[in-house]
file model39.cif (mmCIF, C-alpha atoms)
data_query
loop_
_atom_site.label_atom_id
_atom_site.label_comp_id
_atom_site.auth_asym_id
_atom_site.auth_seq_id
_atom_site.Cartn_x
_atom_site.Cartn_y
_atom_site.Cartn_z
CA MET A 1 -39.51 15.69 26.84
CA ILE A 2 -37.63 13.35 29.18
CA PHE A 3 -39.68 10.51 27.75
CA ARG A 4 -38.66 11.40 24.20
CA LEU A 5 -35.01 11.67 25.12
CA THR A 6 -35.17 8.27 26.83
CA THR A 7 -36.84 6.78 23.78
CA PHE A 8 -34.09 8.11 21.53
CA GLY A 9 -31.51 6.72 23.92
CA LEU A 10 -33.13 3.30 23.82
CA ILE A 11 -33.44 3.28 20.03
CA THR A 12 -29.81 4.25 19.46
CA SER A 13 -28.61 1.72 22.05
CA LEU A 14 -30.66 -0.98 20.39
CA PHE A 15 -29.11 -0.07 17.04
CA VAL A 16 -25.59 -0.29 18.44
CA GLY A 17 -26.51 -3.56 20.16
CA VAL A 18 -27.65 -5.14 16.90
CA ILE A 19 -24.46 -4.13 15.08
CA TYR A 20 -22.43 -5.37 18.04
CA VAL A 21 -24.05 -8.81 17.95
CA ILE A 22 -23.53 -9.06 14.19
CA THR A 23 -19.88 -7.97 14.19
CA GLN A 24 -18.74 -9.68 17.40
CA PRO A 25 -17.85 -13.10 15.91
CA LEU A 26 -15.90 -11.39 13.12
CA ILE A 27 -14.07 -9.16 15.58
CA ILE A 28 -13.06 -12.11 17.74
CA GLU A 29 -11.78 -13.86 14.64
CA SER A 30 -9.72 -10.86 13.47
CA LYS A 31 -8.31 -10.34 16.96
CA GLU A 32 -7.26 -13.98 17.11
CA GLN A 33 -5.69 -13.63 13.66
CA ALA A 34 -3.74 -10.54 14.76
CA ARG A 35 -2.66 -12.29 17.96
CA LEU A 36 -1.36 -15.28 16.00
CA GLU A 37 0.56 -13.03 13.63
CA GLN A 38 2.17 -11.26 16.59
CA LEU A 39 2.92 -14.60 18.17
CA TYR A 40 4.69 -15.90 15.09
CA ALA A 41 6.67 -12.68 14.68
CA LEU A 42 7.64 -12.80 18.32
CA ALA A 43 8.71 -16.44 18.39
CA LYS A 44 10.60 -16.19 15.12
CA PRO A 45 14.12 -16.53 16.64
CA LEU A 46 12.97 -19.69 18.41
CA LEU A 47 11.48 -21.23 15.31
CA ALA A 48 14.93 -21.96 13.93
CA ASN A 49 15.05 -25.06 16.10
CA GLY A 50 11.46 -25.66 17.08
CA GLU A 51 7.85 -25.49 16.05
CA ILE A 52 4.91 -23.65 17.51
CA GLN A 53 2.52 -26.01 19.28
CA ALA A 54 -1.18 -25.47 19.79
CA SER A 55 -1.87 -23.23 22.77
CA THR A 56 -2.81 -24.90 26.04
CA THR A 57 -5.00 -23.38 28.68
CA GLN A 58 -3.75 -23.63 32.22
CA THR A 59 -5.23 -22.71 35.55
CA LEU A 60 -2.75 -20.95 37.78
CA PRO A 61 -2.51 -21.71 41.51
CA SER A 62 -3.81 -19.01 43.84
CA GLY A 63 -1.37 -16.19 44.51
CA SER A 64 -0.58 -15.56 40.86
CA PRO A 65 -0.02 -11.88 40.01
CA VAL A 66 -2.73 -9.74 38.42
CA THR A 67 -0.55 -9.37 35.34
CA LEU A 68 -1.41 -12.94 34.36
CA SER A 69 -4.93 -13.85 33.37
CA ASN A 70 -6.25 -16.95 35.04
CA PRO A 71 -6.77 -19.38 33.36
CA ILE A 72 -3.94 -18.49 31.01
CA GLU A 73 -3.26 -19.58 27.44
CA ILE A 74 0.35 -20.63 26.98
CA THR A 75 2.00 -21.51 23.67
CA ALA A 76 5.01 -23.80 23.68
CA ILE A 77 7.72 -23.99 21.02
CA THR A 78 9.21 -27.46 20.96
CA ASN A 79 11.48 -29.62 18.84
CA ALA A 80 11.72 -33.41 18.83
CA THR A 81 13.50 -33.62 22.17
CA ALA A 82 12.64 -30.63 24.32
CA GLN A 83 10.75 -27.41 24.79
CA VAL A 84 12.88 -24.57 23.42
CA GLY A 85 10.67 -21.69 24.41
CA THR A 86 7.28 -20.34 25.43
CA VAL A 87 5.01 -17.49 24.46
CA ILE A 88 2.92 -16.19 27.33
CA PRO A 89 0.40 -13.33 27.43
CA PHE A 90 0.49 -10.79 30.23
CA ARG A 91 -1.14 -7.44 30.90
CA SER A 92 -1.03 -4.24 32.86
CA THR A 93 -3.95 -2.38 34.37
CA GLU A 94 -1.74 0.52 35.46
CA GLY A 95 -1.71 2.21 32.03
CA TYR A 96 -3.12 5.64 31.30
CA SER A 97 -6.36 4.30 29.88
CA GLY A 98 -7.57 0.73 29.81
CA THR A 99 -5.69 -2.52 30.04
CA ILE A 100 -2.46 -2.95 28.07
CA HIS A 101 -2.34 -6.48 26.65
CA MET A 102 1.09 -7.84 25.89
CA LEU A 103 2.83 -11.01 24.74
CA MET A 104 6.24 -12.20 25.80
CA ALA A 105 8.42 -14.92 24.30
CA LEU A 106 10.94 -16.64 26.58
CA ASP A 107 13.58 -19.17 25.68
CA ASP A 108 14.31 -22.34 27.65
CA ARG A 109 16.45 -20.42 30.14
CA GLN A 110 13.74 -17.80 30.71
CA ARG A 111 15.54 -15.12 28.78
CA ILE A 112 13.30 -12.65 26.96
CA VAL A 113 13.23 -13.33 23.23
CA GLY A 114 10.78 -10.49 22.66
CA VAL A 115 7.95 -8.47 24.17
CA ARG A 116 5.10 -6.93 22.15
CA VAL A 117 2.05 -4.87 22.92
CA VAL A 118 -0.97 -6.55 21.38
CA ASP A 119 -3.69 -4.10 22.33
CA HIS A 120 -3.67 -0.76 24.12
CA LYS A 121 -5.51 2.55 24.32
CA GLU A 122 -2.65 4.80 25.42
CA THR A 123 -2.35 8.42 24.27
CA PRO A 124 -1.32 8.79 20.60
CA GLY A 125 2.03 10.49 20.23
CA LEU A 126 2.98 9.94 23.88
CA GLY A 127 2.17 6.59 25.45
CA ASP A 128 1.81 4.69 22.19
CA LYS A 129 5.58 4.51 21.78
CA ILE A 130 5.35 1.15 23.52
CA ASP A 131 4.03 -0.10 20.18
CA THR A 132 6.68 -1.34 17.71
CA ARG A 133 4.90 0.53 14.93
CA LYS A 134 5.74 3.81 16.69
CA SER A 135 9.12 3.18 18.32
CA ASP A 136 11.68 0.52 19.15
CA TRP A 137 11.37 1.17 22.87
CA ILE A 138 10.05 -2.26 23.74
CA LEU A 139 12.94 -4.05 22.02
CA GLN A 140 15.34 -3.06 24.81
CA PHE A 141 14.13 -5.97 26.94
CA ASN A 142 15.35 -8.55 24.43
CA GLY A 143 17.94 -10.92 25.85
CA LEU A 144 17.31 -10.07 29.51
CA SER A 145 16.22 -12.51 32.15
CA TYR A 146 14.90 -11.66 35.60
CA GLY A 147 18.18 -12.52 37.33
CA ASP A 148 20.25 -10.26 35.06
CA LEU A 149 19.18 -7.13 36.89
CA SER A 150 18.66 -6.38 40.55
CA PRO A 151 14.98 -5.95 41.45
CA SER A 152 15.41 -2.18 41.85
CA ASP A 153 16.82 -1.94 38.31
CA TRP A 154 13.60 -3.44 36.91
CA ALA A 155 11.90 -0.02 36.78
CA VAL A 156 11.76 3.09 34.61
CA ASP A 157 14.53 5.66 35.11
CA LYS A 158 12.15 8.04 36.94
CA ASP A 159 11.75 5.34 39.59
CA GLY A 160 15.48 4.73 39.77
CA GLY A 161 15.52 1.85 37.33
CA ARG A 162 17.31 0.94 34.15
CA PHE A 163 14.69 1.68 31.48
CA ASP A 164 13.83 4.93 29.66
CA SER A 165 10.51 6.58 30.20
CA PHE A 166 9.71 8.73 27.19
CA THR A 167 9.34 12.48 27.40
CA GLY A 168 5.86 13.49 28.44
CA ALA A 169 4.74 10.01 29.35
CA THR A 170 5.86 8.12 32.42
CA ILE A 171 2.72 6.22 33.33
CA THR A 172 2.67 4.04 30.23
CA PRO A 173 6.29 2.78 30.23
CA ARG A 174 6.09 2.36 34.00
CA ALA A 175 3.02 0.19 33.56
CA VAL A 176 4.80 -1.98 30.99
CA VAL A 177 8.04 -2.34 32.96
CA ASN A 178 6.27 -3.08 36.24
CA ALA A 179 4.02 -5.70 34.66
CA LEU A 180 7.04 -7.28 33.00
CA LYS A 181 8.95 -7.34 36.28
CA GLU A 182 6.10 -8.86 38.23
CA THR A 183 5.47 -11.50 35.58
CA LEU A 184 9.15 -12.47 35.25
CA ASN A 185 9.56 -12.56 39.01
CA TYR A 186 6.62 -14.91 39.34
CA LEU A 187 7.77 -17.16 36.49
CA ASP A 188 11.27 -17.23 37.94
CA ALA A 189 9.86 -18.63 41.17
CA ASN A 190 7.34 -20.91 39.44
CA PRO A 191 9.06 -22.17 36.28
CA GLN A 192 6.78 -25.21 36.09
CA ILE A 193 4.04 -22.94 34.69
CA LEU A 194 5.96 -22.57 31.44
CA GLU A 195 6.35 -26.30 30.96
CA THR A 196 3.42 -27.58 29.05
CA GLN A 197 2.80 -31.32 29.19
CA GLN A 198 3.07 -33.04 25.87
CA MET B 1 -30.61 24.53 -8.08
CA LYS B 2 -30.36 23.65 -4.43
CA VAL B 3 -28.82 20.31 -5.37
CA MET B 4 -26.10 22.12 -7.30
CA THR B 5 -25.33 24.40 -4.36
CA VAL B 6 -25.14 21.48 -1.96
CA TRP B 7 -22.56 19.69 -4.11
CA LEU B 8 -20.55 22.81 -4.95
CA ASP B 9 -20.47 23.87 -1.29
CA GLY B 10 -19.30 20.48 -0.07
CA LEU B 11 -16.70 19.81 -2.71
CA TRP B 12 -15.33 23.28 -3.34
CA ASP B 13 -16.91 26.59 -2.30
CA ARG B 14 -17.27 25.73 1.38
CA ASN B 15 -15.12 22.62 1.55
CA PRO B 16 -14.98 21.44 5.19
CA GLY B 17 -11.22 20.90 5.14
CA LEU B 18 -10.08 23.92 3.12
CA VAL B 19 -12.62 26.67 3.81
CA GLN B 20 -14.60 25.84 6.94
CA LEU B 21 -11.48 24.25 8.49
CA LEU B 22 -13.61 21.79 10.44
CA GLY B 23 -12.40 18.47 11.78
CA LEU B 24 -8.76 19.50 11.78
CA CYS B 25 -7.77 17.07 14.54
CA PRO B 26 -8.20 13.87 12.48
CA LEU B 27 -7.27 15.73 9.30
CA LEU B 28 -3.84 16.56 10.64
CA ALA B 29 -3.22 13.48 12.75
CA VAL B 30 -4.23 10.71 10.38
CA SER B 31 -2.99 12.14 7.09
CA ASN B 32 0.51 10.65 7.41
CA THR B 33 -0.19 7.83 4.94
CA ILE B 34 -2.72 7.32 2.15
CA ASP B 35 -4.04 4.09 3.69
CA ASN B 36 -4.90 5.78 6.98
CA ALA B 37 -6.37 8.77 5.18
CA VAL B 38 -8.63 6.62 2.99
CA GLY B 39 -9.73 4.54 5.99
CA LEU B 40 -10.61 7.48 8.20
CA GLY B 41 -12.12 9.36 5.25
CA LEU B 42 -14.49 6.49 4.46
CA ALA B 43 -15.44 6.08 8.12
CA THR B 44 -16.19 9.81 8.33
CA ILE B 45 -18.33 9.71 5.18
CA PHE B 46 -20.23 6.75 6.64
CA VAL B 47 -20.99 8.56 9.89
CA LEU B 48 -21.73 11.90 8.22
CA VAL B 49 -24.15 10.56 5.61
CA LEU B 50 -26.07 8.42 8.09
CA SER B 51 -26.15 11.12 10.76
CA ASN B 52 -27.43 13.73 8.32
CA ALA B 53 -30.00 11.27 6.99
CA SER B 54 -31.30 10.14 10.38
CA ILE B 55 -31.30 13.62 11.91
CA SER B 56 -33.29 14.87 8.95
CA LEU B 57 -35.78 12.02 9.41
CA ILE B 58 -36.36 12.78 13.08
CA ARG B 59 -36.25 16.58 12.71
CA HIS B 60 -39.96 17.02 13.44
CA LEU B 61 -39.84 14.85 16.56
CA VAL B 62 -37.00 16.68 18.26
CA GLU B 63 -37.92 19.81 20.18
CA ASP B 64 -35.28 22.44 20.81
CA ALA B 65 -34.55 21.56 24.43
CA ILE B 66 -33.40 18.01 23.67
CA ARG B 67 -31.92 18.75 20.25
CA LEU B 68 -28.23 18.59 21.16
CA PRO B 69 -28.39 15.47 23.37
CA VAL B 70 -30.34 13.63 20.67
CA PHE B 71 -27.89 14.65 17.93
CA VAL B 72 -24.96 13.59 20.06
CA LEU B 73 -26.67 10.26 20.80
CA VAL B 74 -27.20 9.63 17.08
CA ILE B 75 -23.62 10.56 16.16
CA ALA B 76 -22.13 8.54 19.02
CA ALA B 77 -24.17 5.47 18.07
CA LEU B 78 -23.12 5.73 14.42
CA THR B 79 -19.47 6.20 15.34
CA THR B 80 -19.57 3.15 17.58
CA CYS B 81 -21.04 1.17 14.69
CA ALA B 82 -18.32 2.44 12.35
CA GLU B 83 -15.70 1.39 14.89
CA LEU B 84 -17.20 -2.09 15.24
CA LEU B 85 -17.41 -2.53 11.47
CA VAL B 86 -13.82 -1.46 10.83
CA GLN B 87 -12.71 -3.76 13.64
CA ALA B 88 -14.60 -6.65 12.09
CA PHE B 89 -13.57 -6.17 8.47
CA ASP B 90 -10.15 -4.50 8.57
CA TYR B 91 -8.43 -5.14 11.88
CA PRO B 92 -4.98 -3.80 10.84
CA LEU B 93 -6.62 -0.51 9.81
CA TYR B 94 -8.44 -0.40 13.14
CA GLN B 95 -5.09 -0.81 14.89
CA SER B 96 -3.34 1.88 12.90
CA LEU B 97 -6.18 4.41 13.24
CA GLY B 98 -6.27 3.77 16.98
CA ILE B 99 -8.04 6.42 19.02
CA PHE B 100 -8.91 8.56 15.97
CA LEU B 101 -11.68 6.22 14.90
CA PRO B 102 -13.79 6.69 18.06
CA LEU B 103 -12.80 10.37 17.99
CA ILE B 104 -14.97 10.82 14.86
CA VAL B 105 -17.69 11.46 17.42
CA THR B 106 -16.04 14.77 18.28
CA ASN B 107 -15.48 15.81 14.67
CA CYS B 108 -17.22 19.18 14.63
CA LEU B 109 -17.98 18.76 10.94
CA ILE B 110 -20.60 16.15 11.78
CA LEU B 111 -22.42 18.03 14.52
CA GLY B 112 -21.95 21.17 12.44
CA ARG B 113 -23.83 19.75 9.45
CA ALA B 114 -26.56 18.40 11.74
CA GLU B 115 -27.04 21.84 13.28
CA ALA B 116 -26.63 23.93 10.16
CA LEU B 117 -28.55 21.87 7.64
CA ALA B 118 -29.94 18.44 8.50
CA ARG B 119 -32.30 19.68 11.21
CA ARG B 120 -34.10 21.94 8.71
CA GLU B 121 -33.87 20.26 5.31
CA PRO B 122 -35.72 17.25 3.92
CA PHE B 123 -34.22 13.77 3.77
CA VAL B 124 -32.81 13.79 0.22
CA ILE B 125 -31.07 17.15 0.49
CA SER B 126 -29.63 16.31 3.91
CA THR B 127 -28.29 12.95 2.80
CA MET B 128 -26.79 14.50 -0.29
CA ASP B 129 -25.21 17.25 1.81
CA GLY B 130 -23.69 14.59 4.07
CA LEU B 131 -22.23 12.85 1.04
CA ALA B 132 -20.96 16.09 -0.52
CA GLN B 133 -19.36 17.39 2.67
CA GLY B 134 -18.00 13.91 3.44
CA LEU B 135 -16.46 13.60 -0.01
CA GLY B 136 -15.01 17.10 0.31
CA PHE B 137 -13.40 16.11 3.59
CA PHE B 138 -12.27 12.77 2.12
CA MET B 139 -10.62 14.50 -0.84
CA VAL B 140 -8.63 16.88 1.37
CA LEU B 141 -7.66 14.06 3.74
CA VAL B 142 -6.46 11.83 0.90
CA SER B 143 -4.61 14.63 -0.92
CA LEU B 144 -2.87 15.50 2.35
CA GLY B 145 -2.03 11.82 2.87
CA ALA B 146 -0.70 11.46 -0.66
CA LEU B 147 1.29 14.69 -0.47
CA ARG B 148 2.84 13.78 2.87
CA GLU B 149 3.60 10.18 1.96
CA TRP B 150 5.19 11.27 -1.31
CA ALA B 151 7.23 14.05 0.29
CA SER B 152 8.32 12.09 3.35
CA SER B 153 10.72 9.92 1.33
CA THR B 154 12.89 12.99 0.67
CA LEU B 155 11.80 15.30 3.48
CA ILE B 156 11.30 13.65 6.86
CA LEU B 157 9.49 16.75 8.12
CA ALA B 158 6.51 15.89 5.92
CA ALA B 159 5.79 12.78 7.97
CA LEU B 160 5.97 14.66 11.28
CA PRO B 161 3.18 16.76 12.83
CA PRO B 162 4.54 20.13 11.58
CA GLY B 163 4.50 18.66 8.07
CA ALA B 164 0.75 18.22 8.38
CA PHE B 165 0.25 21.91 9.17
CA ILE B 166 2.54 23.05 6.36
CA ALA B 167 0.94 20.73 3.81
CA LEU B 168 -2.57 21.80 4.82
CA GLY B 169 -1.45 25.44 4.60
CA LEU B 170 -0.23 24.88 1.06
CA LEU B 171 -3.52 23.23 0.06
CA VAL B 172 -5.54 26.09 1.58
CA ALA B 173 -3.34 28.59 -0.28
CA LEU B 174 -3.87 26.73 -3.55
CA HIS B 175 -7.63 26.74 -2.99
CA GLN B 176 -7.59 30.49 -2.26
CA MET B 177 -5.52 31.15 -5.36
CA ILE B 178 -7.91 29.29 -7.63
CA GLN B 179 -10.89 30.95 -5.93
CA SER B 180 -9.54 34.45 -6.51
CA LYS B 181 -8.65 33.67 -10.15
CA LEU B 182 -12.22 32.43 -10.67
CA LYS B 183 -13.57 35.56 -9.03
CA ASP B 184 -11.48 37.79 -11.30
CA ARG B 185 -12.72 35.99 -14.34
CA ARG B 186 -16.31 36.25 -13.21
CA ALA B 187 -15.86 39.95 -12.55
CA LYS B 188 -14.40 40.45 -16.01
CA LEU B 189 -17.28 38.57 -17.61
CA THR B 190 -19.87 40.76 -15.93
CA GLU B 191 -17.88 43.82 -16.97
CA ASN B 192 -17.93 42.68 -20.59
CA SER B 193 -21.64 42.07 -20.51
CA LYS B 194 -22.13 45.55 -19.07
CA ASP B 195 -20.18 47.01 -21.99
CA ARG B 196 -22.31 45.18 -24.46
CA ARG B 197 -25.46 46.40 -22.80
CA VAL B 198 -24.26 49.94 -23.06
CA ARG B 199 -23.53 49.48 -26.73
CA THR B 200 -26.89 47.87 -27.50
CA THR B 201 -28.77 50.68 -25.83
CA GLY B 202 -26.60 53.04 -27.83
CA ASP B 203 -27.51 51.27 -31.07
CA ILE B 204 -31.17 51.45 -30.34
CA SER B 205 -31.19 55.10 -29.62
#
call {"tool": "encode", "arguments": {"input": "model39.cif", "output": "structure tokens"}}
result
Amino acid sequence: MIFRLTTFGLITSLFVGVIYVITQPLIIESKEQARLEQLYALAKPLLANGEIQASTTQTLPSGSPVTLSNPIEITAITNATAQVGTVIPFRSTEGYSGTIHMLMALDDRQRIVGVRVVDHKETPGLGDKIDTRKSDWILQFNGLSYGDLSPSDWAVDKDGGRFDSFTGATITPRAVVNALKETLNYLDANPQILETQQ
Amino acid sequence: MKVMTVWLDGLWDRNPGLVQLLGLCPLLAVSNTIDNAVGLGLATIFVLVLSNASISLIRHLVEDAIRLPVFVLVIAALTTCAELLVQAFDYPLYQSLGIFLPLIVTNCLILGRAEALARREPFVISTMDGLAQGLGFFMVLVSLGALREWASSTLILAALPPGAFIALGLLVALHQMIQSKLKDRRAKLTENSKDRRVRTTGDIS
């Protein structure tokens, strides 16, 4: 009986494995496509006086926060004379379920041009309001830079900060705000990371 | 005869969405637009047909004690495949369906059909039942999606969760109304035939 159950387990796993191997290249491609679309939408205000450059992969020095993957893929927006902005991915592992992957566009003075959630598994109807398809919540960061607010203001209202947490869900917005704060704080102290060599 | 019953049951008489009221969670949550409804409907048909087919194929190998774990294994594997395929071929749909795509695994319609039919019936009947029940579910899901998308331009409530309940209630009521009309007509027909029989016997005597 146990043997039969194990056999069924193995067969079904093998089946899923085969489909996984077949679909994986396509999935990576569609994810990249979706990421690029997000990136263009996000950098749109900067594209008025600059062009998106090919992404560069950078290795961060030790001591970088967990919100930044290492190595990290950074996309610069430049015009003929200077870099006008940067799009940088960051993430939070403090969400309700799974990692929240986000993208942030910054201008040349490290002001937020936009923040978007690229991929998340938060609760539908509660935590998923961080997604622009569900609510405009994440647009409230536009125009801010790290120095505009005191460090204690960079938090959700439940933690004494400046930003709304939605009814019924605190963990998700807290995860986003904290990751944003940590990332901006780090970039503020290490601005050279955003400057990609041409 | 059995083939007829299978199709009639799935599409009308025992429609999973309107009569058995199975799988309400995705039915109500994902019926806000037609696109979502079609996507989830197709994914559900995919899982339901293949799960009915494969459970029917292995029905002699599965003893009672391990029946449920094996069924759940089969359904979970198929749902994972559906999720991977949608992700590979329609990434925007995958993003808008979100958690409801993997949640097909908990759709009681699928385990329900496995338990009620596929574990007893031969391959062809089981597969056909999966298709019939799946199409029945698909039809309700898409009508709900169409109804809500159409109504939401004038009535914002239709796009919100309560709108889903109200719209489903209206569809169930419509189904009941048609059913009872049909029943009346059938009753009348048999009455008529009874009359005739009385008359014929009268003629003979």
call {"tool": "atom_distance", "arguments": {"input": "model39.cif", "atom1": "CA of His120 in chain A", "atom2": "CA of Ala43 in chain A"}}
result
20.8 Å
call {"tool": "interface_residues", "arguments": {"input": "model39.cif", "of": "chain B", "to": "chain A", "cutoff": "6 Å", "atoms": "all atoms listed in the file", "output": "list of chain:residue names"}}
result
B:Ala77, B:Gln87, B:Ala88
call {"tool": "atom_distance", "arguments": {"input": "model39.cif", "atom1": "CA of Leu27 in chain B", "atom2": "CA of Ile75 in chain B"}}
result
18.5 Å
call {"tool": "resolve_selection", "arguments": {"input": "model39.cif", "expression": "the PyMOL selection byres ((chain B and resi 28-45) around 7)", "output": "PyMOL selection string"}}
result
chain B and resi 24-27+46-49+82+97+101+104+131+134-135+138+141-142+144-146+148-149+159+164-165
call {"tool": "write_last_selection", "arguments": {"input": "model39.cif", "atoms": "C-alpha atoms", "output": "mmCIF file, in the frame of the given file"}}
result
data_model
loop_
_atom_site.group_PDB
_atom_site.id
_atom_site.type_symbol
_atom_site.label_atom_id
_atom_site.label_comp_id
_atom_site.auth_asym_id
_atom_site.auth_seq_id
_atom_site.Cartn_x
_atom_site.Cartn_y
_atom_site.Cartn_z
ATOM 1 C CA LEU B 24 -8.760 19.500 11.780
ATOM 2 C CA CYS B 25 -7.770 17.070 14.540
ATOM 3 C CA PRO B 26 -8.200 13.870 12.480
ATOM 4 C CA LEU B 27 -7.270 15.730 9.300
ATOM 5 C CA PHE B 46 -20.230 6.750 6.640
ATOM 6 C CA VAL B 47 -20.990 8.560 9.890
ATOM 7 C CA LEU B 48 -21.730 11.900 8.220
ATOM 8 C CA VAL B 49 -24.150 10.560 5.610
ATOM 9 C CA ALA B 82 -18.320 2.440 12.350
ATOM 10 C CA LEU B 97 -6.180 4.410 13.240
ATOM 11 C CA LEU B 101 -11.680 6.220 14.900
ATOM 12 C CA ILE B 104 -14.970 10.820 14.860
ATOM 13 C CA LEU B 131 -22.230 12.850 1.040
ATOM 14 C CA GLY B 134 -18.000 13.910 3.440
ATOM 15 C CA LEU B 135 -16.460 13.600 -0.010
ATOM 16 C CA PHE B 138 -12.270 12.770 2.120
ATOM 17 C CA LEU B 141 -7.660 14.060 3.740
ATOM 18 C CA VAL B 142 -6.460 11.830 0.900
ATOM 19 C CA LEU B 144 -2.870 15.500 2.350
ATOM 20 C CA GLY B 145 -2.030 11.820 2.870
ATOM 21 C CA ALA B 146 -0.700 11.460 -0.660
ATOM 22 C CA ARG B 148 2.840 13.780 2.870
ATOM 23 C CA GLU B 149 3.600 10.180 1.960
ATOM 24 C CA ALA B 159 5.790 12.780 7.970
ATOM 25 C CA ALA B 164 0.750 18.220 8.380
ATOM 26 C CA PHE B 165 0.250 21.910 9.170
#
call {"tool": "closest_residue", "arguments": {"input": "model39.cif", "among": "A:Ile77, A:Ala175, A:Ile193, A:Leu187", "to": "Ser97 in chain A", "atoms": "only C-alpha atoms"}}
result
A:Ala175
call {"tool": "resolve_selection", "arguments": {"input": "model39.cif", "expression": "the PyMOL selection byres ((chain A and resi 47) around 12)", "output": "list in words"}}
result
Leu39, Tyr40, Ala41, Leu42, Ala43, Lys44, Pro45, Leu46, Ala48, Asn49, Gly50, Glu51, Ile52, Gln53, Ala76, Ile77, Thr78, Asn79, Gln83, Val84, Gly85, Thr86, Val87, Ala105, Asp107 and Val113 of chain A
call {"tool": "closest_residue", "arguments": {"input": "model39.cif", "among": "A:Thr81, A:Ser69, A:Ser92, A:Thr75", "to": "Pro173 in chain A", "atoms": "only C-alpha atoms"}}
result
A:Ser92
call {"tool": "residues_around", "arguments": {"input": "model39.cif", "residues": "Met4 in chain B", "least_positions_apart": "4", "cutoff": "12 Å", "atoms": "only C-alpha atoms", "output": "PyMOL selection string"}}
result
chain B and resi 8-13+125+128-129+132
call {"tool": "atom_distance", "arguments": {"input": "model39.cif", "atom1": "CA of Gly98 in chain A", "atom2": "CA of Asn107 in chain B"}}
result
22.8 Å
call {"tool": "closest_residue", "arguments": {"input": "model39.cif", "among": "B:Ile156, B:Glu83, B:Ala65, B:Ile58", "to": "Gln95 in chain B", "atoms": "only C-alpha atoms"}}
result
B:Glu83
call {"tool": "closest_residue", "arguments": {"input": "model39.cif", "among": "B:Ile110, B:Ala118, B:Leu93, B:Ile99", "to": "Leu78 in chain B", "atoms": "all atoms listed in the file"}}
result
B:Ile110
call {"tool": "residues_near_point", "arguments": {"input": "model39.cif", "point": "(6.6, -9.3, 24.6)", "cutoff": "7 Å", "atoms": "all atoms listed in the file", "output": "ChimeraX atom specification"}}
result
/A:102-105,114-117
call {"tool": "closest_residue", "arguments": {"input": "model39.cif", "among": "B:Ile55, B:Leu182, B:Ala158, B:Ser96", "to": "Ala116 in chain B", "atoms": "all atoms listed in the file"}}
result
B:Ile55
call {"tool": "axis_aligned_box", "arguments": {"input": "model39.cif", "around": "range 9-26 of chain B", "padding_each_side": "6 Å", "output": "JSON"}}
result
{"center_x": -14.1, "center_y": 20.3, "center_z": 5.6, "size_x": 24.7, "size_y": 24.8, "size_z": 29.9}
call {"tool": "resolve_selection", "arguments": {"input": "model39.cif", "expression": "the PyMOL selection byres ((chain B and resi 169) around 12)", "output": "PDB file with C-alpha atoms, in the coordinates of the input"}}
result
ATOM      1  CA  GLY B  17     -11.220  20.900   5.140  1.00  0.00           C
ATOM      2  CA  LEU B  18     -10.080  23.920   3.120  1.00  0.00           C
ATOM      3  CA  VAL B  19     -12.620  26.670   3.810  1.00  0.00           C
ATOM      4  CA  LEU B  21     -11.480  24.250   8.490  1.00  0.00           C
ATOM      5  CA  LEU B  24      -8.760  19.500  11.780  1.00  0.00           C
ATOM      6  CA  LEU B  28      -3.840  16.560  10.640  1.00  0.00           C
ATOM      7  CA  VAL B 140      -8.630  16.880   1.370  1.00  0.00           C
ATOM      8  CA  LEU B 144      -2.870  15.500   2.350  1.00  0.00           C
ATOM      9  CA  PRO B 162       4.540  20.130  11.580  1.00  0.00           C
ATOM     10  CA  GLY B 163       4.500  18.660   8.070  1.00  0.00           C
ATOM     11  CA  ALA B 164       0.750  18.220   8.380  1.00  0.00           C
ATOM     12  CA  PHE B 165       0.250  21.910   9.170  1.00  0.00           C
ATOM     13  CA  ILE B 166       2.540  23.050   6.360  1.00  0.00           C
ATOM     14  CA  ALA B 167       0.940  20.730   3.810  1.00  0.00           C
ATOM     15  CA  LEU B 168      -2.570  21.800   4.820  1.00  0.00           C
ATOM     16  CA  LEU B 170      -0.230  24.880   1.060  1.00  0.00           C
ATOM     17  CA  LEU B 171      -3.520  23.230   0.060  1.00  0.00           C
ATOM     18  CA  VAL B 172      -5.540  26.090   1.580  1.00  0.00           C
ATOM     19  CA  ALA B 173      -3.340  28.590  -0.280  1.00  0.00           C
ATOM     20  CA  LEU B 174      -3.870  26.730  -3.550  1.00  0.00           C
ATOM     21  CA  HIS B 175      -7.630  26.740  -2.990  1.00  0.00           C
ATOM     22  CA  GLN B 176      -7.590  30.490  -2.260  1.00  0.00           C
TER      23      GLN B 176
END
